[in-house]
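data.cif follows; it contains mmCIF, C-alpha atoms (C1' of nucleotides).
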```cif
data_query
loop_
_atom_site.label_atom_id
_atom_site.label_comp_id
_atom_site.auth_asym_id
_atom_site.auth_seq_id
_atom_site.Cartn_x
_atom_site.Cartn_y
_atom_site.Cartn_z
CA MET O 63 0.00 0.00 0.00
CA LEU O 64 0.86 3.67 0.05
CA THR O 65 1.00 5.96 3.06
CA THR O 66 0.12 9.66 2.88
CA LYS O 67 3.76 10.55 2.89
CA GLY O 68 4.46 8.02 0.20
CA ALA O 69 1.77 9.37 -2.06
CA ALA O 70 3.15 12.86 -1.59
CA THR O 71 6.63 11.75 -2.55
CA ARG O 72 5.34 9.94 -5.58
CA GLN O 73 3.54 13.05 -6.71
CA ARG O 74 6.59 15.18 -6.06
CA ILE O 75 8.58 12.92 -8.33
CA ILE O 76 6.04 13.23 -11.13
CA ASP O 77 5.87 17.00 -10.83
CA GLY O 78 9.62 17.32 -10.73
CA ALA O 79 10.11 15.03 -13.69
CA ALA O 80 7.51 16.97 -15.65
CA ALA O 81 9.24 20.25 -14.88
CA GLU O 82 12.63 18.87 -15.76
CA ILE O 83 11.34 17.55 -19.06
CA ARG O 84 9.66 20.83 -19.86
CA ASN O 85 12.95 22.65 -19.40
CA ARG O 86 15.42 20.29 -20.96
CA GLY O 87 13.54 17.73 -23.01
CA VAL O 88 13.02 14.02 -22.52
CA ALA O 89 16.26 12.91 -24.09
CA ALA O 90 18.32 15.17 -21.86
CA THR O 91 16.52 14.29 -18.65
CA THR O 92 18.08 11.55 -16.56
CA LEU O 93 16.70 9.82 -13.54
CA GLU O 94 19.42 11.40 -11.50
CA ASP O 95 18.32 14.82 -12.66
CA VAL O 96 14.86 14.02 -11.39
CA CYS O 97 16.24 12.79 -8.08
CA ARG O 98 18.31 15.91 -7.59
CA ARG O 99 15.41 18.23 -8.40
CA THR O 100 12.92 16.41 -6.22
CA ALA O 101 15.33 15.67 -3.37
CA THR O 102 14.78 11.95 -3.61
CA SER O 103 16.94 8.93 -4.23
CA LYS O 104 17.10 6.16 -6.80
CA GLY O 105 15.70 3.85 -4.19
CA GLN O 106 12.54 5.87 -3.86
CA LEU O 107 12.18 6.32 -7.58
CA PHE O 108 12.21 2.61 -8.23
CA HIS O 109 10.11 2.03 -5.15
CA TYR O 110 7.27 4.07 -6.62
CA PHE O 111 7.92 3.21 -10.27
CA PRO O 112 9.12 -0.39 -10.28
CA ASP O 113 9.16 -0.51 -14.05
CA GLY O 114 11.61 2.33 -14.16
CA LYS O 115 11.85 5.21 -16.52
CA GLU O 116 9.13 4.10 -18.88
CA GLN O 117 6.58 3.95 -16.13
CA LEU O 118 7.61 7.33 -14.80
CA LEU O 119 7.41 8.90 -18.25
CA LEU O 120 3.96 7.47 -18.71
CA ALA O 121 2.82 8.97 -15.42
CA VAL O 122 4.28 12.29 -16.50
CA ALA O 123 2.46 12.10 -19.81
CA ASP O 124 -0.79 11.49 -18.01
CA HIS O 125 -0.11 14.40 -15.72
CA GLU O 126 0.67 16.71 -18.62
CA ALA O 127 -2.39 15.65 -20.56
CA GLU O 128 -4.57 16.76 -17.70
CA ARG O 129 -2.76 20.06 -17.54
CA VAL O 130 -3.36 20.74 -21.20
CA LEU O 131 -7.13 20.62 -20.82
CA ALA O 132 -7.15 22.25 -17.39
CA ASP O 133 -5.26 25.25 -18.76
CA GLN O 134 -8.02 25.85 -21.31
CA GLN O 135 -10.74 26.01 -18.71
CA PRO O 136 -13.12 27.49 -17.97
CA HIS O 137 -13.42 28.68 -21.58
CA LEU O 138 -13.27 25.27 -23.22
CA GLY O 139 -16.20 24.09 -21.14
CA ALA O 140 -18.50 26.99 -22.02
CA LEU O 141 -18.18 27.82 -25.69
CA THR O 142 -21.62 29.37 -25.82
CA SER O 143 -20.95 32.67 -27.55
CA TRP O 144 -18.54 34.06 -30.09
CA SER O 145 -16.75 36.01 -27.40
CA ALA O 146 -16.28 32.77 -25.46
CA TRP O 147 -14.70 31.21 -28.53
CA GLN O 148 -12.47 34.22 -28.88
CA ASP O 149 -11.44 34.01 -25.23
CA TRP O 150 -10.62 30.35 -25.67
CA ARG O 151 -8.56 31.14 -28.75
CA ASP O 152 -6.65 33.79 -26.82
CA VAL O 153 -5.94 31.45 -23.93
CA VAL O 154 -4.63 28.76 -26.23
CA VAL O 155 -2.37 31.16 -28.07
CA ARG O 156 -1.11 32.75 -24.88
CA ARG O 157 -0.47 29.42 -23.19
CA TYR O 158 1.53 27.95 -26.02
CA ARG O 159 3.34 31.14 -26.77
CA ALA O 160 4.50 31.24 -23.17
CA GLN O 161 5.52 27.63 -23.35
CA GLY O 162 7.58 28.40 -26.44
CA VAL O 163 9.60 25.61 -27.88
CA HIS O 164 8.63 23.11 -25.21
CA CYS O 165 5.67 20.86 -25.74
CA PRO O 166 6.13 18.24 -23.06
CA LEU O 167 3.30 16.07 -24.21
CA GLY O 168 4.22 16.06 -27.86
CA VAL O 169 7.79 15.22 -27.08
CA LEU O 170 6.78 12.49 -24.67
CA ILE O 171 4.57 10.92 -27.26
CA THR O 172 7.13 10.94 -30.04
CA GLU O 173 9.49 9.33 -27.57
CA LEU O 174 7.13 6.79 -26.04
CA GLY O 175 4.31 6.40 -28.52
CA ARG O 176 6.28 4.25 -30.84
CA SER O 177 7.15 1.67 -28.24
CA THR O 178 4.27 1.48 -25.81
CA PRO O 179 0.61 1.39 -26.71
CA ALA O 180 -0.13 2.75 -23.25
CA ALA O 181 1.42 6.07 -24.22
CA ARG O 182 -0.71 6.27 -27.32
CA ALA O 183 -3.75 5.64 -25.20
CA VAL O 184 -2.95 8.75 -23.19
CA THR O 185 -2.85 10.96 -26.27
CA GLY O 186 -5.89 9.24 -27.69
CA ARG O 187 -7.90 10.06 -24.62
CA LEU O 188 -6.71 13.65 -24.60
CA ILE O 189 -7.61 14.23 -28.22
CA GLU O 190 -10.98 12.63 -27.75
CA GLN O 191 -11.84 14.78 -24.75
CA TRP O 192 -10.56 17.90 -26.44
CA GLN O 193 -12.49 17.23 -29.59
CA GLY O 194 -15.56 16.35 -27.56
CA ALA O 195 -15.49 19.69 -25.77
CA LEU O 196 -15.17 21.57 -29.05
CA ARG O 197 -17.94 19.51 -30.63
CA ALA O 198 -20.18 20.31 -27.68
CA GLY O 199 -19.44 23.98 -28.19
CA ILE O 200 -20.31 23.76 -31.86
CA THR O 201 -23.57 21.88 -31.41
CA GLY O 202 -24.52 24.30 -28.65
CA MET O 203 -23.99 27.21 -31.02
CA GLN O 204 -26.01 25.37 -33.62
CA HIS O 205 -28.94 25.04 -31.23
CA THR O 206 -28.93 28.76 -30.63
CA GLY O 207 -28.71 29.27 -34.36
CA ARG O 208 -25.34 30.98 -34.42
CA ILE O 209 -23.69 28.22 -36.41
CA ALA O 210 -25.27 26.68 -39.49
CA GLY O 211 -27.06 23.49 -38.64
CA GLU O 212 -25.81 21.65 -41.71
CA LEU O 213 -22.23 21.87 -40.55
CA ASP O 214 -20.71 18.56 -39.43
CA ALA O 215 -19.86 19.33 -35.82
CA ASP O 216 -17.62 16.35 -35.18
CA ARG O 217 -15.63 16.77 -38.34
CA THR O 218 -15.16 20.47 -37.79
CA ALA O 219 -14.13 19.85 -34.19
CA ALA O 220 -11.55 17.40 -35.51
CA ALA O 221 -10.25 20.04 -37.90
CA LEU O 222 -10.05 22.49 -35.03
CA VAL O 223 -8.01 20.12 -32.92
CA ALA O 224 -5.69 19.55 -35.85
CA ALA O 225 -5.39 23.29 -36.37
CA VAL O 226 -4.22 23.84 -32.82
CA GLN O 227 -1.95 20.84 -32.92
CA GLY O 228 -0.38 21.97 -36.17
CA GLY O 229 0.03 25.52 -35.02
CA VAL O 230 1.79 24.28 -31.93
CA ALA O 231 3.99 22.01 -34.00
CA VAL O 232 5.13 24.95 -36.08
CA LEU O 233 5.54 27.08 -32.98
CA MET O 234 7.73 24.38 -31.51
CA SER O 235 10.11 24.33 -34.41
CA THR O 236 10.14 27.98 -35.40
CA GLY O 237 9.36 29.79 -32.19
CA ARG O 238 6.72 31.89 -33.97
CA SER O 239 3.05 31.75 -33.10
CA THR O 240 1.86 33.16 -36.42
CA HIS O 241 0.78 29.81 -37.76
CA LEU O 242 -1.10 28.88 -34.64
CA GLU O 243 -2.97 32.16 -34.78
CA ALA O 244 -3.64 31.91 -38.49
CA ALA O 245 -4.92 28.36 -38.16
CA LEU O 246 -7.18 29.15 -35.24
CA ASP O 247 -8.52 32.35 -36.73
CA THR O 248 -9.19 30.75 -40.07
CA ALA O 249 -11.02 27.88 -38.43
CA LEU O 250 -13.12 30.30 -36.41
CA LEU O 251 -13.95 32.29 -39.53
CA PHE O 252 -15.18 29.08 -41.11
CA LEU O 253 -17.35 28.40 -38.09
CA GLN O 254 -18.82 31.85 -38.39
CA GLY O 255 -19.67 31.21 -42.00
CA LYS O 256 -17.31 33.89 -43.27
CA HIS O 257 -14.96 33.17 -46.09
CA THR O 258 -12.40 35.95 -46.08
CA ASN O 259 -9.95 37.17 -43.52
CA MET I 263 38.24 16.15 -50.90
CA LEU I 264 35.70 13.54 -51.77
CA THR I 265 35.98 10.87 -54.42
CA THR I 266 32.98 9.50 -56.29
CA LYS I 267 33.05 6.41 -54.15
CA GLY I 268 33.32 8.52 -51.03
CA ALA I 269 30.32 10.62 -51.98
CA ALA I 270 28.33 7.47 -52.65
CA THR I 271 29.20 6.05 -49.25
CA ARG I 272 28.33 9.29 -47.56
CA GLN I 273 24.96 9.27 -49.25
CA ARG I 274 24.43 5.63 -48.37
CA ILE I 275 24.99 6.47 -44.75
CA ILE I 276 22.46 9.28 -44.84
CA ASP I 277 19.87 7.12 -46.57
CA GLY I 278 20.42 4.25 -44.19
CA ALA I 279 20.26 6.45 -41.14
CA ALA I 280 17.05 8.01 -42.41
CA ALA I 281 15.51 4.60 -42.96
CA GLU I 282 16.61 3.36 -39.58
CA ILE I 283 15.18 6.42 -37.89
CA ARG I 284 11.92 6.08 -39.77
CA ASN I 285 11.55 2.52 -38.51
CA ARG I 286 12.73 2.78 -34.96
CA GLY I 287 12.90 6.42 -33.98
CA VAL I 288 15.81 8.68 -33.23
CA ALA I 289 16.24 7.67 -29.63
CA ALA I 290 16.43 4.00 -30.48
CA THR I 291 18.82 4.43 -33.39
CA THR I 292 22.51 4.01 -32.58
CA LEU I 293 25.47 4.69 -34.78
CA GLU I 294 26.18 0.99 -34.82
CA ASP I 295 22.70 0.33 -36.14
CA VAL I 296 23.44 2.69 -38.98
CA CYS I 297 26.77 1.02 -39.65
CA ARG I 298 25.20 -2.41 -39.74
CA ARG I 299 22.44 -1.37 -42.07
CA THR I 300 24.69 0.52 -44.45
CA ALA I 301 27.55 -1.96 -44.31
CA THR I 302 30.00 0.64 -43.12
CA SER I 303 32.21 1.09 -40.10
CA LYS I 304 32.57 3.63 -37.34
CA GLY I 305 35.71 4.84 -39.05
CA GLN I 306 33.81 5.77 -42.17
CA LEU I 307 31.01 7.33 -40.26
CA PHE I 308 33.30 9.69 -38.44
CA HIS I 309 35.32 10.19 -41.58
CA TYR I 310 32.32 11.66 -43.36
CA PHE I 311 30.71 13.25 -40.32
CA PRO I 312 33.57 14.45 -38.13
CA ASP I 313 31.19 16.10 -35.68
CA GLY I 314 29.53 12.79 -35.04
CA LYS I 315 25.92 11.99 -34.47
CA GLU I 316 24.66 15.53 -34.39
CA GLN I 317 26.06 16.27 -37.81
CA LEU I 318 24.65 13.07 -39.23
CA LEU I 319 21.23 13.76 -37.80
CA LEU I 320 21.30 17.20 -39.29
CA ALA I 321 22.13 15.79 -42.70
CA VAL I 322 19.30 13.32 -42.31
CA ALA I 323 16.91 16.10 -41.39
CA ASP I 324 17.92 18.02 -44.48
CA HIS I 325 17.45 14.92 -46.59
CA GLU I 326 14.01 14.25 -45.16
CA ALA I 327 12.92 17.84 -45.60
CA GLU I 328 13.61 17.59 -49.30
CA ARG I 329 11.69 14.35 -49.49
CA VAL I 330 8.65 15.91 -47.89
CA LEU I 331 8.29 18.51 -50.62
CA ALA I 332 9.39 16.22 -53.43
CA ASP I 333 6.69 13.73 -52.51
CA GLN I 334 4.04 16.39 -53.02
CA GLN I 335 5.15 17.20 -56.52
CA PRO I 336 4.11 17.76 -59.19
CA HIS I 337 0.80 18.78 -57.62
CA LEU I 338 2.18 21.25 -55.12
CA GLY I 339 3.85 23.20 -57.90
CA ALA I 340 0.75 23.55 -60.06
CA LEU I 341 -2.25 24.33 -57.90
CA THR I 342 -4.10 25.98 -60.75
CA SER I 343 -7.50 24.30 -60.55
CA TRP I 344 -9.73 22.81 -57.91
CA SER I 345 -9.00 19.35 -59.16
CA ALA I 346 -5.28 20.04 -58.76
CA TRP I 347 -5.90 21.04 -55.16
CA GLN I 348 -7.87 17.88 -54.66
CA ASP I 349 -5.07 15.80 -56.14
CA TRP I 350 -2.60 17.47 -53.86
CA ARG I 351 -4.81 16.77 -50.88
CA ASP I 352 -5.05 13.11 -51.86
CA VAL I 353 -1.32 12.76 -52.26
CA VAL I 354 -0.67 14.29 -48.86
CA VAL I 355 -3.19 12.04 -47.17
CA ARG I 356 -1.94 8.95 -48.95
CA ARG I 357 1.68 9.69 -48.24
CA TYR I 358 1.23 10.24 -44.55
CA ARG I 359 -1.22 7.43 -44.13
CA ALA I 360 1.35 5.11 -45.65
CA GLN I 361 4.01 6.49 -43.38
CA GLY I 362 1.79 5.82 -40.41
CA VAL I 363 3.19 6.56 -37.03
CA HIS I 364 6.56 7.65 -38.28
CA CYS I 365 7.26 11.27 -39.03
CA PRO I 366 11.03 11.34 -39.31
CA LEU I 367 11.28 15.06 -39.64
CA GLY I 368 9.06 15.90 -36.73
CA VAL I 369 10.88 13.49 -34.50
CA LEU I 370 14.24 14.79 -35.58
CA ILE I 371 13.21 18.31 -34.81
CA THR I 372 11.84 17.61 -31.37
CA GLU I 373 15.10 15.86 -30.67
CA LEU I 374 17.51 18.35 -32.22
CA GLY I 375 15.58 21.60 -32.44
CA ARG I 376 15.98 22.39 -28.83
CA SER I 377 19.74 22.17 -28.82
CA THR I 378 20.96 23.29 -32.21
CA PRO I 379 19.74 26.33 -34.08
CA ALA I 380 20.89 24.66 -37.29
CA ALA I 381 18.15 22.07 -36.95
CA ARG I 382 15.54 24.74 -36.50
CA ALA I 383 16.81 26.41 -39.63
CA VAL I 384 16.06 23.24 -41.59
CA THR I 385 12.44 23.19 -40.47
CA GLY I 386 12.15 26.89 -40.93
CA ARG I 387 13.20 26.62 -44.54
CA LEU I 388 10.87 23.70 -45.17
CA ILE I 389 7.86 25.48 -43.75
CA GLU I 390 8.68 28.63 -45.67
CA GLN I 391 8.96 26.81 -48.98
CA TRP I 392 5.84 24.81 -48.33
CA GLN I 393 3.84 27.84 -47.38
CA GLY I 394 5.25 29.70 -50.37
CA ALA I 395 4.05 27.05 -52.78
CA LEU I 396 0.58 27.08 -51.27
CA ARG I 397 0.48 30.86 -51.31
CA ALA I 398 1.43 30.83 -54.98
CA GLY I 399 -1.40 28.42 -55.63
CA ILE I 400 -3.86 30.66 -53.83
CA THR I 401 -2.84 33.89 -55.56
CA GLY I 402 -2.92 32.08 -58.88
CA MET I 403 -6.48 30.99 -58.23
CA GLN I 404 -7.29 34.53 -57.21
CA HIS I 405 -6.03 35.87 -60.52
CA THR I 406 -8.30 33.50 -62.40
CA GLY I 407 -11.12 34.53 -60.12
CA ARG I 408 -11.72 31.19 -58.51
CA ILE I 409 -10.75 32.37 -55.06
CA ALA I 410 -12.01 35.61 -53.58
CA GLY I 411 -9.49 38.38 -54.02
CA GLU I 412 -9.98 39.77 -50.52
CA LEU I 413 -8.68 36.59 -48.94
CA ASP I 414 -5.27 36.94 -47.28
CA ALA I 415 -3.24 34.44 -49.27
CA ASP I 416 -0.26 34.25 -46.98
CA ARG I 417 -2.27 33.88 -43.83
CA THR I 418 -4.47 31.21 -45.34
CA ALA I 419 -1.42 29.36 -46.64
CA ALA I 420 -0.05 29.43 -43.12
CA ALA I 421 -3.29 27.97 -41.83
CA LEU I 422 -3.09 25.28 -44.47
CA VAL I 423 0.42 24.32 -43.45
CA ALA I 424 -0.69 24.16 -39.85
CA ALA I 425 -3.66 22.02 -40.83
CA VAL I 426 -1.44 19.44 -42.49
CA GLN I 427 1.05 19.57 -39.68
CA GLY I 428 -1.62 19.11 -37.06
CA GLY I 429 -3.31 16.33 -38.93
CA VAL I 430 -0.02 14.53 -39.18
CA ALA I 431 0.66 15.07 -35.49
CA VAL I 432 -2.63 13.42 -34.62
CA LEU I 433 -2.00 10.67 -37.13
CA MET I 434 1.33 10.02 -35.50
CA SER I 435 -0.11 9.52 -32.08
CA THR I 436 -3.38 7.82 -32.93
CA GLY I 437 -2.69 6.06 -36.19
CA ARG I 438 -5.88 7.46 -37.70
CA SER I 439 -5.93 9.84 -40.64
CA THR I 440 -9.38 11.25 -39.92
CA HIS I 441 -8.07 14.46 -38.44
CA LEU I 442 -5.69 15.07 -41.29
CA GLU I 443 -8.50 14.61 -43.77
CA ALA I 444 -10.93 16.73 -41.79
CA ALA I 445 -8.40 19.52 -41.43
CA LEU I 446 -7.45 19.52 -45.09
CA ASP I 447 -11.00 19.27 -46.34
CA THR I 448 -12.22 22.00 -44.05
CA ALA I 449 -9.41 24.28 -45.16
CA LEU I 450 -10.21 23.61 -48.81
CA LEU I 451 -13.87 24.33 -48.21
CA PHE I 452 -12.87 27.65 -46.75
CA LEU I 453 -10.78 28.41 -49.82
CA GLN I 454 -13.75 27.61 -52.02
CA GLY I 455 -15.86 30.03 -50.07
CA LYS I 456 -18.19 27.34 -48.80
CA HIS I 457 -19.13 27.18 -45.18
CA THR I 458 -20.58 23.76 -44.58
CA ASN I 459 -19.28 20.27 -45.02
"C1'" DA H 36 54.82 2.66 -61.40
"C1'" DC H 37 55.12 5.71 -57.48
"C1'" DT H 38 53.30 8.67 -54.18
"C1'" DA H 39 49.91 11.09 -51.77
"C1'" DA H 40 45.39 11.33 -50.41
"C1'" DA H 41 41.14 9.23 -49.43
"C1'" DA H 42 38.51 5.25 -47.84
"C1'" DT H 43 37.80 1.32 -44.92
"C1'" DG H 44 37.58 -1.99 -40.90
"C1'" DG H 45 37.43 -2.77 -36.45
"C1'" DA H 46 39.60 -2.99 -31.89
"C1'" DC H 47 39.39 -0.20 -28.10
"C1'" DC H 48 38.12 3.27 -24.51
"C1'" DG H 49 35.56 6.02 -21.10
"C1'" DG H 50 31.68 7.85 -19.25
"C1'" DC H 51 27.18 7.84 -18.26
"C1'" DA H 52 22.64 6.49 -17.09
"C1'" DG H 53 19.34 2.94 -15.94
"C1'" DG H 54 18.83 -0.36 -12.76
"C1'" DT H 55 20.00 -3.39 -8.37
"C1'" DC H 56 20.71 -4.05 -3.50
"C1'" DC H 57 20.65 -3.62 1.08
"C1'" DA H 58 20.79 -1.48 5.43
"C1'" DG H 59 18.61 1.61 8.29
"C1'" DA H 60 14.82 5.19 9.59
"C1'" DA H 61 9.96 6.13 9.98
"C1'" DA H 62 5.19 4.82 10.24
"C1'" DA H 63 1.39 1.77 10.82
"C1'" DA H 64 -0.64 -2.09 12.91
"C1'" DG H 65 -1.63 -5.00 16.85
"C1'" DC G 270 6.08 -1.96 23.17
"C1'" DT G 271 6.74 -5.16 19.37
"C1'" DT G 272 6.31 -6.36 14.89
"C1'" DT G 273 5.60 -5.58 10.31
"C1'" DT G 274 5.33 -2.74 6.50
"C1'" DT G 275 6.67 1.18 4.07
"C1'" DC G 276 9.98 4.64 3.06
"C1'" DT G 277 14.56 6.49 2.31
"C1'" DG G 278 19.55 6.97 1.06
"C1'" DG G 279 23.19 5.94 -1.56
"C1'" DA G 280 26.89 2.77 -2.87
"C1'" DC G 281 27.52 -0.12 -6.52
"C1'" DC G 282 27.18 -2.66 -10.86
"C1'" DT G 283 26.88 -3.18 -15.85
"C1'" DG G 284 25.85 -2.66 -20.54
"C1'" DC G 285 25.69 0.41 -23.97
"C1'" DC G 286 26.93 3.88 -27.10
"C1'" DG G 287 29.35 7.86 -28.88
"C1'" DG G 288 33.75 8.68 -29.98
"C1'" DT G 289 39.03 7.72 -30.84
"C1'" DC G 290 42.88 5.54 -33.17
"C1'" DC G 291 45.53 3.32 -36.28
"C1'" DA G 292 46.75 -0.12 -39.59
"C1'" DT G 293 45.45 -1.53 -44.15
"C1'" DT G 294 43.48 -1.09 -48.69
"C1'" DT G 295 41.88 1.50 -52.50
"C1'" DT G 296 41.80 5.38 -55.52
"C1'" DA G 297 43.61 9.61 -57.80
"C1'" DG G 298 47.18 12.18 -59.73
"C1'" DT G 299 51.50 12.59 -62.54
#
```
Starting from the file, lay out its structure as structure tokens.
Amino acid sequence: MLTTKGAATRQRIIDGAAAEIRNRGVAATTLEDVCRRTATSKGQLFHYFPDGKEQLLLAVADHEAERVLADQQPHLGALTSWSAWQDWRDVVVRRYRAQGVHCPLGVLITELGRSTPAARAVTGRLIEQWQGALRAGITGMQHTGRIAGELDADRTAAALVAAVQGGVAVLMSTGRSTHLEAALDTALLFLQGKHTN
Amino acid sequence: MLTTKGAATRQRIIDGAAAEIRNRGVAATTLEDVCRRTATSKGQLFHYFPDGKEQLLLAVADHEAERVLADQQPHLGALTSWSAWQDWRDVVVRRYRAQGVHCPLGVLITELGRSTPAARAVTGRLIEQWQGALRAGITGMQHTGRIAGELDADRTAAALVAAVQGGVAVLMSTGRSTHLEAALDTALLFLQGKHTN
DNA sequence: ACTAAAATGGACCGGCAGGTCCAGAAAAAG
DNA sequence: CTTTTTCTGGACCTGCCGGTCCATTTTAGT
């Protein structure tokens, strides 16, 4: 079992590892780095994550996935007006611009996804939830007549997720948020039924 | 200098490394793997890439960047009709669906981009060229009146690049091409001035 | 043919990072 | 208070992988 203290330590390790990875990347982060930052020892690390690095990384990925959605709230959960959509857009842009070159989740996935199906499950869930929230926003707007009813909500939500994802990808490799903004704005224009920018 | 044979070997190493990375990822690819696959030795590897792994990876990234654009030709260079755009879309989808979970360039960047500015330059150039080709296609269609003249060609091209990029990102972590298709199709609908799907 | 330069093969090294082990402290259980 | 479980610290091991070195072979140049 796990005592209160134990659970706290375990969490401290996850948080520390996440922070370390955010700053220096997965490849450059060693278990010893994590130990140093979290004031723990190898013994503890393997006590809480018997399967070693892979298990820890998976826990970090899970942790980061939650963060991604949490950071978009409360806007993502209440996309009931155009201004709410705009606020959401702004939050997304601001968040990723601040994060700059470091996308912990993306990096984790490219590193883990290939080997373990468990890692892919984490991303899968995240995308599904994300897309679901956007779809809910779209159908809500359709019910109040602000978005055309013929529009395929799920498909458009998927495109929106891809737009953000792609914008972030470009941001990660160029450091510029122009593409993220262009992608989001263009997608929102489409939602609004406009066709110029 | 470099003899014909030498140049061939050098190229063989790059090709082999690229293939190896496509199959198993950067992290899992060792110099010895590359040697084995290309039937070369450490001596040769460091003979042609004195700065070691980093230099090799950079060369691979460059190689892959060229491939990305080449694979989209001739369509990408002649986006002069809606059917040409559609063909381009199909090629992109087919290419990445075939590639599946493996995006060599993306992985290389997330691995190198952080450390070396040279790696970021490679992606930067690729994105710029890509976006340029799309922009040219858009302005061309504007001149023949098939796309509204008020539309911001550069910004929309940027959104298009992000759409592909994002779709591929999702494809990489889920294995499904639905998002890529949704993103591309939605973007094309926007270009056509339609607002439903 | 002779020489210089380039190409090749592979033995070897050194450090590092993931993982093991165990002994002792702290908590929980009774 | 005793016993059992959990937690903690860190010394240690080991395999791997990037990188070095040099002896040998091949090619280019004249």
10 Å contact set for segment 48-56 of chain H, all atoms listed in the file, chain neighbours under 3 positions out, as a compact mmCIF listing (two decimals) with C-alpha atoms (C1' of nucleotides), keeping the file's coordinate frame:
```txt
# COMPACT_ATOMS: atom_id res chain seq x y z
CA THR O 92 18.08 11.55 -16.56
CA LEU O 93 16.70 9.82 -13.54
CA GLU O 94 19.42 11.40 -11.50
CA LYS O 104 17.10 6.16 -6.80
CA GLY O 105 15.70 3.85 -4.19
CA PHE O 108 12.21 2.61 -8.23
CA ASP O 113 9.16 -0.51 -14.05
CA GLY O 114 11.61 2.33 -14.16
CA LYS O 115 11.85 5.21 -16.52
C1' DA G 280 26.89 2.77 -2.87
C1' DC G 281 27.52 -0.12 -6.52
C1' DC G 282 27.18 -2.66 -10.86
C1' DT G 283 26.88 -3.18 -15.85
C1' DG G 284 25.85 -2.66 -20.54
C1' DC G 285 25.69 0.41 -23.97
C1' DC G 286 26.93 3.88 -27.10
C1' DG G 287 29.35 7.86 -28.88
C1' DG G 288 33.75 8.68 -29.98
C1' DT G 289 39.03 7.72 -30.84
```
Would you write out, as CSV, a table of all residues in chain G that have an atom no more than 10 Å from an atom of chain O, listing for each the closest atom pair and the distance in Å to one decimal, considering all atoms listed in the file and ordering rows by chain and rising residue number?
```
residue,atom,partner,partner_atom,distance
G:DT274,C1',O:Met63,CA,8.8
G:DT275,C1',O:Thr65,CA,7.5
G:DC276,C1',O:Gly68,CA,7.1
G:DT277,C1',O:Gln106,CA,6.5
G:DG278,C1',O:Ser103,CA,6.2
G:DG279,C1',O:Ser103,CA,7.4
```
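Superposing chain O on chain I by least squares over every C-alpha atom, paired in sequence order, leaves a C-alpha RMSD of 0.1 Å.
For the set O:Ala80, O:Cys165, O:Ala198, O:Gln204, the residue with the smallest atom-to-atom gap to chain I is O:Cys165, counting all atoms listed in the file.
Of the residues listed (O:Ala140, O:Ala181, O:Leu107, O:Val154), O:Ala181 shows the shortest atom-to-atom separation from Val122 of chain O; distances use only C-alpha atoms.
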inquiry  = I'd like the interatomic distance between atom CA of Leu120 of chain O and atom CA of Gln227 of chain O, to a tenth of an Å.
reply    =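 Separating atom CA of Leu120 of chain O from atom CA of Gln227 of chain O is a distance of 20.4 Å.
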key: Atomic separation - atom CA of His137 of chain O relative to atom CA of Ser239 of chain O, Å   =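 About the pair atom CA of Ser239 of chain O and atom CA of His137 of chain O: they are 20.3 Å apart.
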query = For chain H, which residues have at least one atom within 12 Å of chain I, if we go by all atoms listed in the file? Write them as JSON, numbers by chain, please.
reply = {"H": [40, 41, 42, 43, 44, 45, 46]}
query = For the atom pair atom CA of Ala160 of chain O and atom CA of Asp414 of chain I, what is the interatomic distance in Å to one decimal place?
reply =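 Between these atoms lies a distance of 26.6 Å.
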With only C-alpha atoms counted and 7 Å as the cut-off, give the residues of chain O in contact with chain I, each with its shortest interatomic distance in Å and the pair that gives it, as CSV.
```
residue,atom,partner,partner_atom,distance
O:Val169,CA,I:Thr372,CA,6.4
O:Ile171,CA,I:Ser435,CA,6.9
O:Thr172,CA,I:Val369,CA,6.4
O:Gly175,CA,I:Ser435,CA,6.5
O:Arg182,CA,I:Ser435,CA,5.8
O:Thr185,CA,I:Ser435,CA,6.6
O:Gly186,CA,I:Thr436,CA,6.0
O:Glu212,CA,I:Thr458,CA,6.3
O:Leu213,CA,I:Thr458,CA,4.7
O:Asp214,CA,I:Asn459,CA,6.0
O:Arg217,CA,I:Ala444,CA,5.8
O:Thr218,CA,I:Ala444,CA,6.9
O:Ala220,CA,I:His441,CA,5.4
O:Ala221,CA,I:Ala445,CA,4.0
O:Ala224,CA,I:Gly428,CA,4.3
O:Ala225,CA,I:Ala425,CA,4.9
O:Val226,CA,I:Gly428,CA,6.9
O:Gln227,CA,I:Gly428,CA,4.5
O:Gly228,CA,I:Gly428,CA,3.2
O:Gly229,CA,I:Ala424,CA,5.1
O:Ala231,CA,I:Gln427,CA,6.8
O:Val232,CA,I:Ala424,CA,7.0
O:Ser235,CA,I:Arg382,CA,5.8
O:Thr236,CA,I:Gly386,CA,6.0
O:His241,CA,I:Ala420,CA,5.4
O:Ala244,CA,I:Ala421,CA,5.2
O:Ala245,CA,I:Ala421,CA,4.0
O:Thr248,CA,I:Ala421,CA,6.8
O:Phe252,CA,I:His457,CA,6.0
O:Gly255,CA,I:His457,CA,5.2
O:His257,CA,I:Gly455,CA,5.1
O:Thr258,CA,I:Leu413,CA,4.7
O:Asn259,CA,I:Leu413,CA,5.6
```
message = Can you translate the PyMOL selection byres ((chain G and resi 273) around 9) into the concrete residues it hits in this file, as a PyMOL selection string?
response = (chain H and resi 63-64) or (chain G and resi 272+274)
inquiry  = I'd like the residues picked by the PyMOL selection byres ((chain H and resi 37) around 12) written out as a PyMOL selection string, using the chain letters and numbers from the file.
reply    = (chain H and resi 36+38-39) or (chain G and resi 298-299)
